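Asker: Sharing work.txt (compact mmCIF, C-alpha atoms and all ligand atoms) below.
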```txt
# COMPACT_ATOMS: atom_id res chain seq x y z
CA MET A 21 20.15 2.87 6.23
CA LYS A 22 18.46 5.87 4.63
CA SER A 23 19.65 9.31 5.63
CA GLU A 24 17.55 11.94 7.29
CA TYR A 25 18.17 15.56 6.34
CA LYS A 26 17.29 18.95 7.78
CA VAL A 27 15.94 20.86 4.80
CA GLN A 28 14.60 24.35 4.20
CA LEU A 29 11.53 25.26 2.18
CA VAL A 30 12.95 27.57 -0.50
CA ASP A 31 9.97 28.01 -2.80
CA LYS A 32 6.21 27.57 -2.69
CA ARG A 33 4.12 27.68 -5.85
CA VAL A 34 0.45 27.70 -4.97
CA LEU A 35 -1.78 25.71 -7.36
CA GLY A 36 -5.37 26.54 -6.49
CA GLU A 37 -6.85 26.38 -3.01
CA THR A 38 -5.78 22.88 -2.01
CA CYS A 39 -2.48 22.25 -3.77
CA ALA A 40 1.04 23.61 -4.01
CA VAL A 41 4.46 22.69 -5.33
CA LEU A 42 7.01 22.93 -2.52
CA THR A 43 10.73 23.12 -3.21
CA PHE A 44 13.32 22.22 -0.59
CA SER A 45 17.07 22.66 -0.47
CA CYS A 46 18.81 19.30 -0.14
CA PRO A 47 21.77 18.61 -2.47
CA GLU A 48 21.87 14.91 -1.48
CA ILE A 49 18.26 14.16 -2.46
CA SER A 50 18.46 16.35 -5.57
CA LYS A 51 21.36 14.19 -6.73
CA GLU A 52 20.07 10.79 -5.70
CA ALA A 53 16.31 10.82 -6.32
CA ARG A 54 14.92 8.96 -9.34
CA PRO A 55 11.39 9.01 -10.79
CA GLY A 56 8.99 6.83 -8.83
CA GLN A 57 10.83 7.38 -5.54
CA PHE A 58 9.33 9.32 -2.67
CA ILE A 59 10.40 11.20 0.45
CA ASN A 60 8.98 11.23 3.97
CA LEU A 61 8.40 14.78 5.17
CA SER A 62 7.97 15.93 8.76
CA CYS A 63 4.75 17.70 9.69
CA SER A 64 2.79 18.70 12.77
CA ARG A 65 1.78 15.04 13.32
CA PHE A 66 3.95 12.34 14.88
CA LEU A 67 4.56 10.44 11.63
CA LYS A 68 6.21 11.89 8.59
CA ARG A 69 4.06 11.97 5.43
CA PRO A 70 5.11 10.36 2.08
CA PHE A 71 5.22 12.38 -1.16
CA GLY A 72 6.45 11.35 -4.60
CA VAL A 73 9.40 13.39 -5.87
CA MET A 74 8.14 15.76 -8.59
CA CYS A 75 11.47 17.06 -9.87
CA THR A 76 15.03 17.78 -8.88
CA ASP A 77 17.51 20.52 -9.74
CA GLU A 78 21.01 19.26 -9.15
CA GLU A 79 22.61 22.63 -9.93
CA LYS A 80 20.54 24.40 -7.29
CA GLY A 81 20.61 21.41 -4.96
CA THR A 82 16.82 21.31 -4.62
CA PHE A 83 13.95 18.88 -5.03
CA SER A 84 10.22 19.56 -5.32
CA ILE A 85 7.02 17.77 -4.36
CA GLY A 86 3.39 18.51 -5.19
CA VAL A 87 1.12 18.41 -2.15
CA ARG A 88 -2.67 18.22 -1.99
CA LYS A 89 -4.57 18.94 1.19
CA VAL A 90 -6.13 15.78 2.58
CA GLY A 91 -5.97 15.98 6.39
CA LYS A 92 -4.20 17.86 9.17
CA GLY A 93 -0.65 16.89 8.15
CA THR A 94 -0.94 18.13 4.58
CA GLU A 95 -2.94 21.17 5.72
CA ASP A 96 -0.07 22.25 7.99
CA ILE A 97 2.57 21.47 5.35
CA LEU A 98 0.67 23.64 2.86
CA ALA A 99 0.41 26.46 5.40
CA SER A 100 4.21 26.65 5.83
CA GLU A 101 6.19 29.65 4.71
CA VAL A 102 9.39 29.84 2.67
CA GLY A 103 12.34 29.62 5.08
CA GLU A 104 10.74 27.06 7.39
CA GLU A 105 12.73 23.94 8.26
CA PHE A 106 11.63 20.33 7.89
CA THR A 107 13.13 16.91 8.39
CA VAL A 108 13.15 14.66 5.34
CA LEU A 109 13.92 10.98 4.97
CA GLY A 110 14.78 9.84 1.47
CA PRO A 111 14.84 9.20 -1.34
CA LEU A 112 12.79 6.10 -0.54
CA GLY A 113 11.42 3.19 -2.57
CA ASN A 114 12.57 1.41 -5.69
CA GLY A 115 11.65 3.98 -8.35
CA PHE A 116 11.01 3.25 -12.00
CA CYS A 117 13.72 1.53 -14.06
CA PHE A 118 14.45 3.24 -17.40
CA ASP A 119 16.87 0.55 -18.67
CA GLY A 120 15.94 -0.67 -22.14
CA ILE A 121 12.92 1.63 -22.43
CA LYS A 122 12.37 2.63 -26.07
CA ARG A 123 9.22 4.72 -25.68
CA LEU A 124 7.33 5.75 -22.58
CA LEU A 125 3.60 6.14 -22.09
CA LEU A 126 2.92 7.96 -18.82
CA VAL A 127 -0.57 8.09 -17.36
CA GLY A 128 -1.33 10.33 -14.37
CA GLY A 129 -4.32 11.16 -12.24
CA GLY A 130 -4.87 12.98 -8.94
CA THR A 131 -1.59 13.69 -7.14
CA GLY A 132 -0.02 11.03 -9.39
CA ILE A 133 0.58 13.77 -11.97
CA PHE A 134 3.44 15.08 -9.78
CA PRO A 135 5.67 11.97 -9.92
CA ILE A 136 4.60 11.49 -13.56
CA TYR A 137 6.10 14.92 -14.29
CA PHE A 138 9.47 13.77 -12.91
CA ALA A 139 9.35 10.64 -15.11
CA ALA A 140 8.51 12.75 -18.19
CA CYS A 141 11.41 15.18 -17.60
CA TYR A 142 13.85 12.37 -16.82
CA ALA A 143 12.89 10.42 -19.96
CA GLY A 144 13.29 13.61 -21.98
CA LYS A 145 16.87 13.99 -20.70
CA LEU A 146 17.60 10.37 -21.68
CA GLY A 147 16.21 11.04 -25.18
CA ILE A 148 13.31 8.60 -24.70
CA PRO A 149 10.16 9.68 -26.59
CA VAL A 150 7.35 10.34 -24.11
CA THR A 151 3.58 10.44 -24.36
CA VAL A 152 1.67 11.75 -21.35
CA VAL A 153 -2.04 11.26 -20.69
CA ASN A 154 -3.29 13.06 -17.59
CA GLY A 155 -6.80 12.83 -16.21
CA TYR A 156 -8.17 15.84 -14.32
CA ARG A 157 -11.55 16.67 -12.80
CA SER A 158 -11.84 19.95 -14.70
CA LYS A 159 -9.86 22.75 -16.34
CA CYS A 160 -9.33 24.66 -13.06
CA ASP A 161 -7.83 21.47 -11.62
CA ALA A 162 -5.41 20.92 -14.53
CA PHE A 163 -2.23 21.47 -12.54
CA LEU A 164 1.13 21.57 -14.36
CA TYR A 165 -0.66 21.82 -17.73
CA ASP A 166 1.90 24.31 -19.11
CA ASP A 167 4.82 22.39 -17.58
CA PHE A 168 3.81 19.14 -19.27
CA SER A 169 3.18 20.94 -22.57
CA LYS A 170 6.81 22.07 -22.53
CA VAL A 171 8.16 18.56 -21.84
CA THR A 172 6.42 16.74 -24.71
CA LYS A 173 4.29 17.56 -27.72
CA ASP A 174 2.45 14.27 -27.13
CA PHE A 175 0.57 15.52 -24.09
CA TYR A 176 -3.11 14.59 -23.83
CA VAL A 177 -5.63 15.61 -21.23
CA THR A 178 -9.01 14.31 -20.18
CA THR A 179 -11.42 16.00 -17.78
CA ASP A 180 -14.50 14.59 -16.05
CA SER A 181 -16.27 17.89 -16.78
CA GLY A 182 -15.19 18.02 -20.42
CA ASP A 183 -14.07 21.68 -20.23
CA LEU A 184 -10.49 20.76 -21.24
CA GLY A 185 -9.28 18.01 -23.58
CA VAL A 186 -11.33 14.87 -24.07
CA LYS A 187 -14.38 14.44 -21.81
CA GLY A 188 -14.15 11.34 -19.63
CA THR A 189 -11.43 9.39 -17.89
CA VAL A 190 -7.91 8.73 -19.16
CA MET A 191 -9.33 5.62 -20.85
CA ALA A 192 -11.12 7.85 -23.39
CA SER A 193 -7.81 9.34 -24.47
CA LEU A 194 -5.84 6.08 -24.37
CA GLU A 195 -8.37 4.43 -26.70
CA GLU A 196 -7.76 7.22 -29.24
CA LEU A 197 -3.95 7.17 -29.18
CA ASP A 198 -2.22 6.58 -32.48
CA ASP A 199 -0.55 3.16 -32.79
CA SER A 200 2.78 4.91 -33.49
CA LEU A 201 2.76 6.10 -29.86
CA LEU A 202 2.13 2.59 -28.55
CA ASN A 203 4.61 0.51 -30.57
CA ASP A 204 7.47 -0.61 -28.30
CA ALA A 205 6.04 1.50 -25.48
CA THR A 206 6.31 0.82 -21.77
CA CYS A 207 3.56 2.29 -19.64
CA LEU A 208 3.85 3.79 -16.14
CA VAL A 209 0.66 4.75 -14.30
CA VAL A 210 0.40 6.79 -11.10
CA GLY A 211 -2.98 7.74 -9.74
CA PRO A 212 -6.10 6.44 -8.00
CA GLY A 213 -6.28 2.63 -7.66
CA ILE A 214 -9.23 2.19 -9.98
CA MET A 215 -7.48 4.21 -12.69
CA MET A 216 -4.28 2.16 -12.40
CA GLN A 217 -6.30 -1.06 -12.57
CA LYS A 218 -8.23 0.01 -15.70
CA VAL A 219 -5.10 1.21 -17.47
CA SER A 220 -3.30 -2.03 -16.55
CA GLU A 221 -6.12 -4.09 -18.10
CA TRP A 222 -6.03 -1.93 -21.23
CA ALA A 223 -2.22 -2.25 -21.49
CA LYS A 224 -2.42 -6.03 -21.12
CA GLN A 225 -4.95 -6.19 -23.95
CA LYS A 226 -2.66 -4.09 -26.14
CA GLY A 227 0.42 -6.16 -25.20
CA ILE A 228 2.10 -3.16 -23.59
CA SER A 229 4.29 -3.74 -20.56
CA CYS A 230 2.87 -1.74 -17.67
CA TYR A 231 4.06 -0.54 -14.25
CA VAL A 232 2.02 1.07 -11.48
CA SER A 233 3.05 3.05 -8.41
CA LEU A 234 0.98 1.89 -5.46
CA GLU A 235 -0.08 4.36 -2.80
CA GLN A 236 -0.66 2.60 0.51
CA ARG A 237 -0.93 4.25 3.90
CA MET A 238 2.59 4.32 5.33
CA ALA A 239 4.31 4.76 8.68
CA CYS A 240 8.08 4.13 8.81
CA GLY A 241 8.67 4.34 5.04
CA ILE A 242 11.74 2.11 5.26
CA GLY A 243 10.36 -1.42 5.37
CA ALA A 244 10.34 -1.96 9.14
CA CYS A 245 6.72 -1.70 10.30
CA LEU A 246 4.76 -3.63 7.61
CA VAL A 247 1.92 -1.08 7.66
CA CYS A 248 2.09 -0.68 3.89
CA VAL A 249 1.98 -4.28 2.64
CA CYS A 250 0.20 -5.13 -0.60
CA LYS A 251 -0.54 -8.46 -2.31
CA ILE A 252 1.75 -9.43 -5.19
CA LYS A 253 1.21 -12.61 -7.25
CA ALA A 254 3.78 -15.32 -6.54
CA GLU A 255 2.94 -18.27 -8.80
CA GLN A 256 6.65 -18.98 -9.37
CA GLU A 257 7.04 -19.46 -5.64
CA GLY A 258 4.10 -21.91 -5.65
CA LYS A 259 1.81 -19.48 -3.85
CA GLU A 260 -1.15 -17.44 -4.94
CA PHE A 261 0.47 -14.28 -3.55
CA VAL A 262 3.06 -12.87 -1.17
CA HIS A 263 2.91 -9.68 0.86
CA LYS A 264 5.34 -7.00 -0.27
CA ARG A 265 6.17 -3.73 1.41
CA CYS A 266 5.01 -0.89 -0.73
CA CYS A 267 7.60 1.51 0.74
CA LYS A 268 10.66 -0.70 0.26
CA ASP A 269 9.83 -3.35 -2.39
CA GLY A 270 7.77 -0.72 -4.26
CA PRO A 271 6.05 1.61 -4.68
CA VAL A 272 6.57 0.72 -8.36
CA PHE A 273 5.40 -2.80 -9.31
CA ARG A 274 4.73 -4.61 -12.57
CA ALA A 275 1.00 -4.13 -13.10
CA GLU A 276 0.31 -7.78 -13.91
CA GLU A 277 1.78 -8.88 -10.56
CA VAL A 278 -0.56 -6.73 -8.50
CA ILE A 279 -3.65 -8.23 -6.86
CA TRP A 280 -6.08 -5.29 -6.88
C1 LIG B 1 4.30 6.55 -1.99
C2 LIG B 1 3.33 7.69 -1.78
C3 LIG B 1 3.46 8.83 -2.54
C4 LIG B 1 2.58 9.90 -2.35
N1 LIG B 1 2.75 11.02 -3.11
C5 LIG B 1 1.95 12.08 -2.91
C6 LIG B 1 2.15 13.28 -3.68
O1 LIG B 1 3.03 13.36 -4.55
N2 LIG B 1 1.34 14.33 -3.40
C7 LIG B 1 0.36 14.27 -2.44
O2 LIG B 1 -0.34 15.27 -2.22
N3 LIG B 1 0.14 13.15 -1.74
C8 LIG B 1 0.91 12.05 -1.93
N4 LIG B 1 0.71 10.92 -1.19
C9 LIG B 1 -0.41 10.88 -0.22
C10 LIG B 1 -0.01 11.64 1.05
O3 LIG B 1 1.05 10.95 1.67
C11 LIG B 1 -1.22 11.70 1.99
O4 LIG B 1 -2.21 12.52 1.41
C12 LIG B 1 -0.81 12.30 3.35
O5 LIG B 1 0.03 11.40 4.02
C13 LIG B 1 -2.06 12.57 4.17
O6 LIG B 1 -1.64 13.10 5.42
P1 LIG B 1 -2.63 14.00 6.29
O7 LIG B 1 -2.05 14.12 7.64
O8 LIG B 1 -2.94 15.26 5.58
O9 LIG B 1 -3.95 13.17 6.29
P2 LIG B 1 -4.40 11.99 7.36
O10 LIG B 1 -5.00 12.79 8.50
O11 LIG B 1 -3.25 11.13 7.60
O12 LIG B 1 -5.48 11.33 6.51
C14 LIG B 1 -6.66 12.01 6.05
C15 LIG B 1 -7.45 11.05 5.17
O13 LIG B 1 -6.71 10.68 3.99
C16 LIG B 1 -6.54 9.26 3.92
N5 LIG B 1 -5.16 8.99 3.48
C17 LIG B 1 -4.03 9.45 4.00
N6 LIG B 1 -2.95 8.98 3.36
C18 LIG B 1 -3.40 8.19 2.39
C19 LIG B 1 -2.79 7.39 1.39
N7 LIG B 1 -1.47 7.29 1.25
N8 LIG B 1 -3.59 6.70 0.56
C20 LIG B 1 -4.91 6.75 0.69
N9 LIG B 1 -5.56 7.48 1.61
C21 LIG B 1 -4.82 8.19 2.46
C22 LIG B 1 -6.76 8.79 5.33
O14 LIG B 1 -7.24 7.44 5.34
C23 LIG B 1 -7.81 9.74 5.86
O15 LIG B 1 -9.09 9.38 5.45
C24 LIG B 1 1.55 9.82 -1.37
C25 LIG B 1 1.44 8.67 -0.59
C26 LIG B 1 2.30 7.62 -0.79
C27 LIG B 1 2.16 6.38 0.03
S1 LIG B 2 5.70 1.94 5.91
FE1 LIG B 2 6.71 0.68 7.36
S2 LIG B 2 7.10 -1.11 6.20
FE2 LIG B 2 6.29 0.26 4.75
```
Rewrite the structure from the file as structure tokens, please.
Answerer:
Amino acid sequence: MKSEYKVQLVDKRVLGETCAVLTFSCPEISKEARPGQFINLSCSRFLKRPFGVMCTDEEKGTFSIGVRKVGKGTEDILASEVGEEFTVLGPLGNGFCFDGIKRLLLVGGGTGIFPIYFAACYAGKLGIPVTVVNGYRSKCDAFLYDDFSKVTKDFYVTTDSGDLGVKGTVMASLEELDDSLLNDATCLVVGPGIMMQKVSEWAKQKGISCYVSLEQRMACGIGACLVCVCKIKAEQEGKEFVHKRCCKDGPVFRAEEVIW
């Protein structure tokens, strides 16, 4: 059974009009959380809202999430002040497994750049070489640009507008990557569905093993309500697919198992 904690908002770093990085005090989650896992955060609505963990600081006993305004729940969360109290359930989900990883290629888009940041920092601590390719809408939307630049020299950016990095989607940058960054690499993608699907197809073509973090609408977050099921191929079980719970069996899945 996952634990629920009373946590305090200890820092708020505003990123433009619709986004912020929120840091909460919670020694347990700061110690336990791994990249790819998420937490469920209380808000003004009945159901808690899921957010990927963006980083942890074990010394300070804190963890951070990046939040983008989407509806009422995120609007109220973003309006909160330092010192306010929340209830958090977590860390939840399977997370990404770093065992045997020789080189990591991380691809982020939308709010997926927040959990990608955690994976980049974590890999850095394990001494795993990391390449990051983030896709943004435009330069003013390029959140955590300086943070990523400090984590790896192999940080590439694409923008739809073309005012920062390569113009186009992450695919434009992936196509240009040097082979030395792809040899023995494992890829993790977090972002909009269409982006994860395109990157998965590209990785398959290149023979690169690829993982995606699925973002389904969630309710309980702990595998009980089945709101978040997704279709995962199950040929070995003699079926075309089985339903898996994104919150408990995922959110990280092998890309080639996912039915998009
Ligand atoms: C595993 C996981 C990790 C996530 N990580 C982050 C993160 O790091 N940062 C971040 O900002 N957001 C993240 N999200 C999305 C975040 O949970 C939603 O934006 C939030 O729950 C919306 O709540 P709301 O009350 O503001 O909007 P609602 O009023 O609940 O919804 C407003 C609109 O957004 C749509 N919507 C809401 N949630 C989702 C969703 N999960 N997928 C697709 N459409 C949705 C609704 O259909 C509706 O149209 C994550 C979601 C999941 C499942
Ligand atoms: S959100 Fe309830 S089972 Fe996944």
Asker: Place a sphere of radius 7 Å on (-10.3, 18.8, -16.9) in the file coordinates and name every protein, DNA or RNA residue with an atom inside or on its surface, counting all atoms listed in the file; give the answer as a PyMOL selection string.
Answerer: chain A and resi 155-159+161-162+178-185
Asker: Report, in Å to a single decimal, how far apart CA of Val27 (chain A) and CA of Thr94 (chain A) are.
Answerer: 17.1 Å
Asker: Between atom N3 of ligand LIG 1 (chain B) and CA of Val247 (chain A), what is the distance in Å, rounded to a tenth?
Answerer: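 Interatomic distance here is 17.1 Å.
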Asker: Write as a PDB file with C-alpha atoms, keeping the file's coordinate frame the residues around ligand LIG 1 (chain B), taking 7 Å as the cut-off and counting all atoms listed in the file.
Answerer:
```
ATOM      1  CA  PHE A  58       9.330   9.320  -2.670  1.00  0.00           C
ATOM      2  CA  ARG A  65       1.780  15.040  13.320  1.00  0.00           C
ATOM      3  CA  ARG A  69       4.060  11.970   5.430  1.00  0.00           C
ATOM      4  CA  PRO A  70       5.110  10.360   2.080  1.00  0.00           C
ATOM      5  CA  PHE A  71       5.220  12.380  -1.160  1.00  0.00           C
ATOM      6  CA  GLY A  72       6.450  11.350  -4.600  1.00  0.00           C
ATOM      7  CA  VAL A  73       9.400  13.390  -5.870  1.00  0.00           C
ATOM      8  CA  MET A  74       8.140  15.760  -8.590  1.00  0.00           C
ATOM      9  CA  ILE A  85       7.020  17.770  -4.360  1.00  0.00           C
ATOM     10  CA  GLY A  86       3.390  18.510  -5.190  1.00  0.00           C
ATOM     11  CA  VAL A  87       1.120  18.410  -2.150  1.00  0.00           C
ATOM     12  CA  ARG A  88      -2.670  18.220  -1.990  1.00  0.00           C
ATOM     13  CA  LYS A  89      -4.570  18.940   1.190  1.00  0.00           C
ATOM     14  CA  VAL A  90      -6.130  15.780   2.580  1.00  0.00           C
ATOM     15  CA  GLY A  91      -5.970  15.980   6.390  1.00  0.00           C
ATOM     16  CA  LYS A  92      -4.200  17.860   9.170  1.00  0.00           C
ATOM     17  CA  GLY A  93      -0.650  16.890   8.150  1.00  0.00           C
ATOM     18  CA  THR A  94      -0.940  18.130   4.580  1.00  0.00           C
ATOM     19  CA  GLU A  95      -2.940  21.170   5.720  1.00  0.00           C
ATOM     20  CA  THR A 131      -1.590  13.690  -7.140  1.00  0.00           C
ATOM     21  CA  GLY A 132      -0.020  11.030  -9.390  1.00  0.00           C
ATOM     22  CA  PHE A 134       3.440  15.080  -9.780  1.00  0.00           C
ATOM     23  CA  PRO A 135       5.670  11.970  -9.920  1.00  0.00           C
ATOM     24  CA  LEU A 234       0.980   1.890  -5.460  1.00  0.00           C
ATOM     25  CA  GLU A 235      -0.080   4.360  -2.800  1.00  0.00           C
ATOM     26  CA  GLN A 236      -0.660   2.600   0.510  1.00  0.00           C
ATOM     27  CA  ARG A 237      -0.930   4.250   3.900  1.00  0.00           C
ATOM     28  CA  MET A 238       2.590   4.320   5.330  1.00  0.00           C
ATOM     29  CA  CYS A 267       7.600   1.510   0.740  1.00  0.00           C
ATOM     30  CA  PRO A 271       6.050   1.610  -4.680  1.00  0.00           C
TER      31      PRO A 271
END
```
Asker: So that I can see what lies close to Lys80 (chain A), please list as a ChimeraX atom specification the residues with an atom at most 12 Å from it, counting all atoms listed in the file and leaving out residues fewer than 2 positions away in the same chain.
Answerer: /A:30,43-51,75-78,82-84
Asker: Dump as CSV the rows for residues of chain A within 10 Å of ligand LIG 2 (chain B): closest atom pair and distance in Å with one decimal, only C-alpha atoms and all ligand atoms counted, ordered by chain and rising residue number.
Answerer:
```
residue,atom,partner,partner_atom,distance
A:Pro70,CA,B:LIG2,S1,9.3
A:Gly113,CA,B:LIG2,FE2,9.4
A:Gln236,CA,B:LIG2,S1,8.4
A:Arg237,CA,B:LIG2,S1,7.3
A:Met238,CA,B:LIG2,S1,4.0
A:Ala239,CA,B:LIG2,S1,4.2
A:Cys240,CA,B:LIG2,FE1,4.0
A:Gly241,CA,B:LIG2,S1,3.9
A:Ile242,CA,B:LIG2,FE1,5.6
A:Gly243,CA,B:LIG2,S2,3.4
A:Ala244,CA,B:LIG2,S2,4.5
A:Cys245,CA,B:LIG2,FE1,3.8
A:Leu246,CA,B:LIG2,S2,3.7
A:Val247,CA,B:LIG2,FE1,5.1
A:Cys248,CA,B:LIG2,FE2,4.4
A:Val249,CA,B:LIG2,FE2,6.6
A:Cys250,CA,B:LIG2,FE2,9.7
A:Lys264,CA,B:LIG2,FE2,8.9
A:Arg265,CA,B:LIG2,FE2,5.2
A:Cys266,CA,B:LIG2,FE2,5.7
A:Cys267,CA,B:LIG2,FE2,4.4
A:Lys268,CA,B:LIG2,FE2,6.3
A:Asp269,CA,B:LIG2,FE2,8.7
A:Gly270,CA,B:LIG2,FE2,9.2
A:Pro271,CA,B:LIG2,FE2,9.5
```
Asker: Generate a file of the selected residues that holds C-alpha atoms, formatted as a short mmCIF file (atom, residue, chain, number, x, y, z; two decimals), keeping the file's coordinate frame.
Answerer:
```cif
data_model
loop_
_atom_site.label_atom_id
_atom_site.label_comp_id
_atom_site.auth_asym_id
_atom_site.auth_seq_id
_atom_site.Cartn_x
_atom_site.Cartn_y
_atom_site.Cartn_z
CA PRO A 70 5.11 10.36 2.08
CA GLY A 113 11.42 3.19 -2.57
CA GLN A 236 -0.66 2.60 0.51
CA ARG A 237 -0.93 4.25 3.90
CA MET A 238 2.59 4.32 5.33
CA ALA A 239 4.31 4.76 8.68
CA CYS A 240 8.08 4.13 8.81
CA GLY A 241 8.67 4.34 5.04
CA ILE A 242 11.74 2.11 5.26
CA GLY A 243 10.36 -1.42 5.37
CA ALA A 244 10.34 -1.96 9.14
CA CYS A 245 6.72 -1.70 10.30
CA LEU A 246 4.76 -3.63 7.61
CA VAL A 247 1.92 -1.08 7.66
CA CYS A 248 2.09 -0.68 3.89
CA VAL A 249 1.98 -4.28 2.64
CA CYS A 250 0.20 -5.13 -0.60
CA LYS A 264 5.34 -7.00 -0.27
CA ARG A 265 6.17 -3.73 1.41
CA CYS A 266 5.01 -0.89 -0.73
CA CYS A 267 7.60 1.51 0.74
CA LYS A 268 10.66 -0.70 0.26
CA ASP A 269 9.83 -3.35 -2.39
CA GLY A 270 7.77 -0.72 -4.26
CA PRO A 271 6.05 1.61 -4.68
#
```
Asker: Can you tell me, as a PyMOL selection string, what residues are no more than 10 Å from region 189-206 of chain A when counting all atoms listed in the file, ignoring any on the same chain fewer than 6 positions away?
Answerer: chain A and resi 118+120-129+149-157+174+176-182+215+218-219+222-223+226-231
Asker: Could you tell me how far CA of Ala139 (chain A) sits from CA of Glu104 (chain A), in Å to one decimal place?
Answerer: 27.9 Å
Asker: Which of these, A:Leu35, A:Leu29, A:Val171, A:Ile148, has the shortest distance to Glu105 (chain A) once you count all atoms listed in the file?
Answerer: A:Leu29
Asker: Can you tell me which residues surround Asp167 (chain A) at a distance of at most 12 Å, considering all atoms listed in the file, apart from same-chain residues fewer than 2 positions away, and format the answer as a list of chain:residue names?
Answerer: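 My list of contacting residues is A:Met74, A:Cys75, A:Ile133, A:Phe134, A:Ile136, A:Tyr137, A:Phe138, A:Ala140, A:Cys141, A:Val152, A:Ala162, A:Phe163, A:Leu164, A:Tyr165, A:Ser169, A:Lys170, A:Val171, A:Thr172, A:Lys173, A:Phe175.
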Asker: As a JSON list (two decimals), in the coordinates of the input, could you write out region 48-62 of chain A once it has been completed with N, CA, C and O atoms?
Answerer:
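selection28.json, freshly written:
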```json
[["chain", "number", "residue", "atom", "x", "y", "z"],
["A", 48, "GLU", "N", 21.77, 16.39, -1.45],
["A", 48, "GLU", "CA", 21.87, 14.91, -1.48],
["A", 48, "GLU", "C", 20.67, 14.31, -2.21],
["A", 48, "GLU", "O", 20.83, 13.47, -3.10],
["A", 49, "ILE", "N", 19.46, 14.73, -1.82],
["A", 49, "ILE", "CA", 18.26, 14.16, -2.46],
["A", 49, "ILE", "C", 18.16, 14.62, -3.91],
["A", 49, "ILE", "O", 17.77, 13.85, -4.79],
["A", 50, "SER", "N", 18.55, 15.86, -4.18],
["A", 50, "SER", "CA", 18.46, 16.35, -5.57],
["A", 50, "SER", "C", 19.35, 15.51, -6.48],
["A", 50, "SER", "O", 19.05, 15.32, -7.65],
["A", 51, "LYS", "N", 20.43, 14.98, -5.93],
["A", 51, "LYS", "CA", 21.36, 14.19, -6.73],
["A", 51, "LYS", "C", 20.89, 12.74, -6.86],
["A", 51, "LYS", "O", 21.02, 12.12, -7.91],
["A", 52, "GLU", "N", 20.33, 12.23, -5.79],
["A", 52, "GLU", "CA", 20.07, 10.79, -5.70],
["A", 52, "GLU", "C", 18.69, 10.37, -6.21],
["A", 52, "GLU", "O", 18.51, 9.25, -6.69],
["A", 53, "ALA", "N", 17.70, 11.23, -6.07],
["A", 53, "ALA", "CA", 16.31, 10.82, -6.32],
["A", 53, "ALA", "C", 16.07, 10.47, -7.79],
["A", 53, "ALA", "O", 16.58, 11.14, -8.69],
["A", 54, "ARG", "N", 15.30, 9.41, -8.00],
["A", 54, "ARG", "CA", 14.92, 8.96, -9.34],
["A", 54, "ARG", "C", 13.40, 8.91, -9.42],
["A", 54, "ARG", "O", 12.72, 8.71, -8.40],
["A", 55, "PRO", "N", 12.86, 9.04, -10.65],
["A", 55, "PRO", "CA", 11.39, 9.01, -10.79],
["A", 55, "PRO", "C", 10.78, 7.76, -10.16],
["A", 55, "PRO", "O", 11.32, 6.66, -10.32],
["A", 56, "GLY", "N", 9.68, 7.95, -9.48],
["A", 56, "GLY", "CA", 8.99, 6.83, -8.83],
["A", 56, "GLY", "C", 9.37, 6.73, -7.35],
["A", 56, "GLY", "O", 8.69, 6.05, -6.60],
["A", 57, "GLN", "N", 10.46, 7.40, -6.96],
["A", 57, "GLN", "CA", 10.83, 7.38, -5.54],
["A", 57, "GLN", "C", 10.06, 8.46, -4.80],
["A", 57, "GLN", "O", 9.50, 9.38, -5.40],
["A", 58, "PHE", "N", 10.04, 8.34, -3.48],
["A", 58, "PHE", "CA", 9.33, 9.32, -2.67],
["A", 58, "PHE", "C", 10.18, 9.74, -1.48],
["A", 58, "PHE", "O", 11.24, 9.15, -1.23],
["A", 59, "ILE", "N", 9.71, 10.77, -0.79],
["A", 59, "ILE", "CA", 10.40, 11.20, 0.45],
["A", 59, "ILE", "C", 9.37, 11.19, 1.58],
["A", 59, "ILE", "O", 8.17, 11.25, 1.32],
["A", 60, "ASN", "N", 9.85, 11.10, 2.80],
["A", 60, "ASN", "CA", 8.98, 11.23, 3.97],
["A", 60, "ASN", "C", 9.26, 12.57, 4.61],
["A", 60, "ASN", "O", 10.41, 12.84, 5.01],
["A", 61, "LEU", "N", 8.23, 13.39, 4.71],
["A", 61, "LEU", "CA", 8.40, 14.78, 5.17],
["A", 61, "LEU", "C", 7.78, 14.99, 6.54],
["A", 61, "LEU", "O", 6.63, 14.57, 6.78],
["A", 62, "SER", "N", 8.51, 15.66, 7.42],
["A", 62, "SER", "CA", 7.97, 15.93, 8.76],
["A", 62, "SER", "C", 6.78, 16.89, 8.66],
["A", 62, "SER", "O", 6.69, 17.69, 7.73]]
```
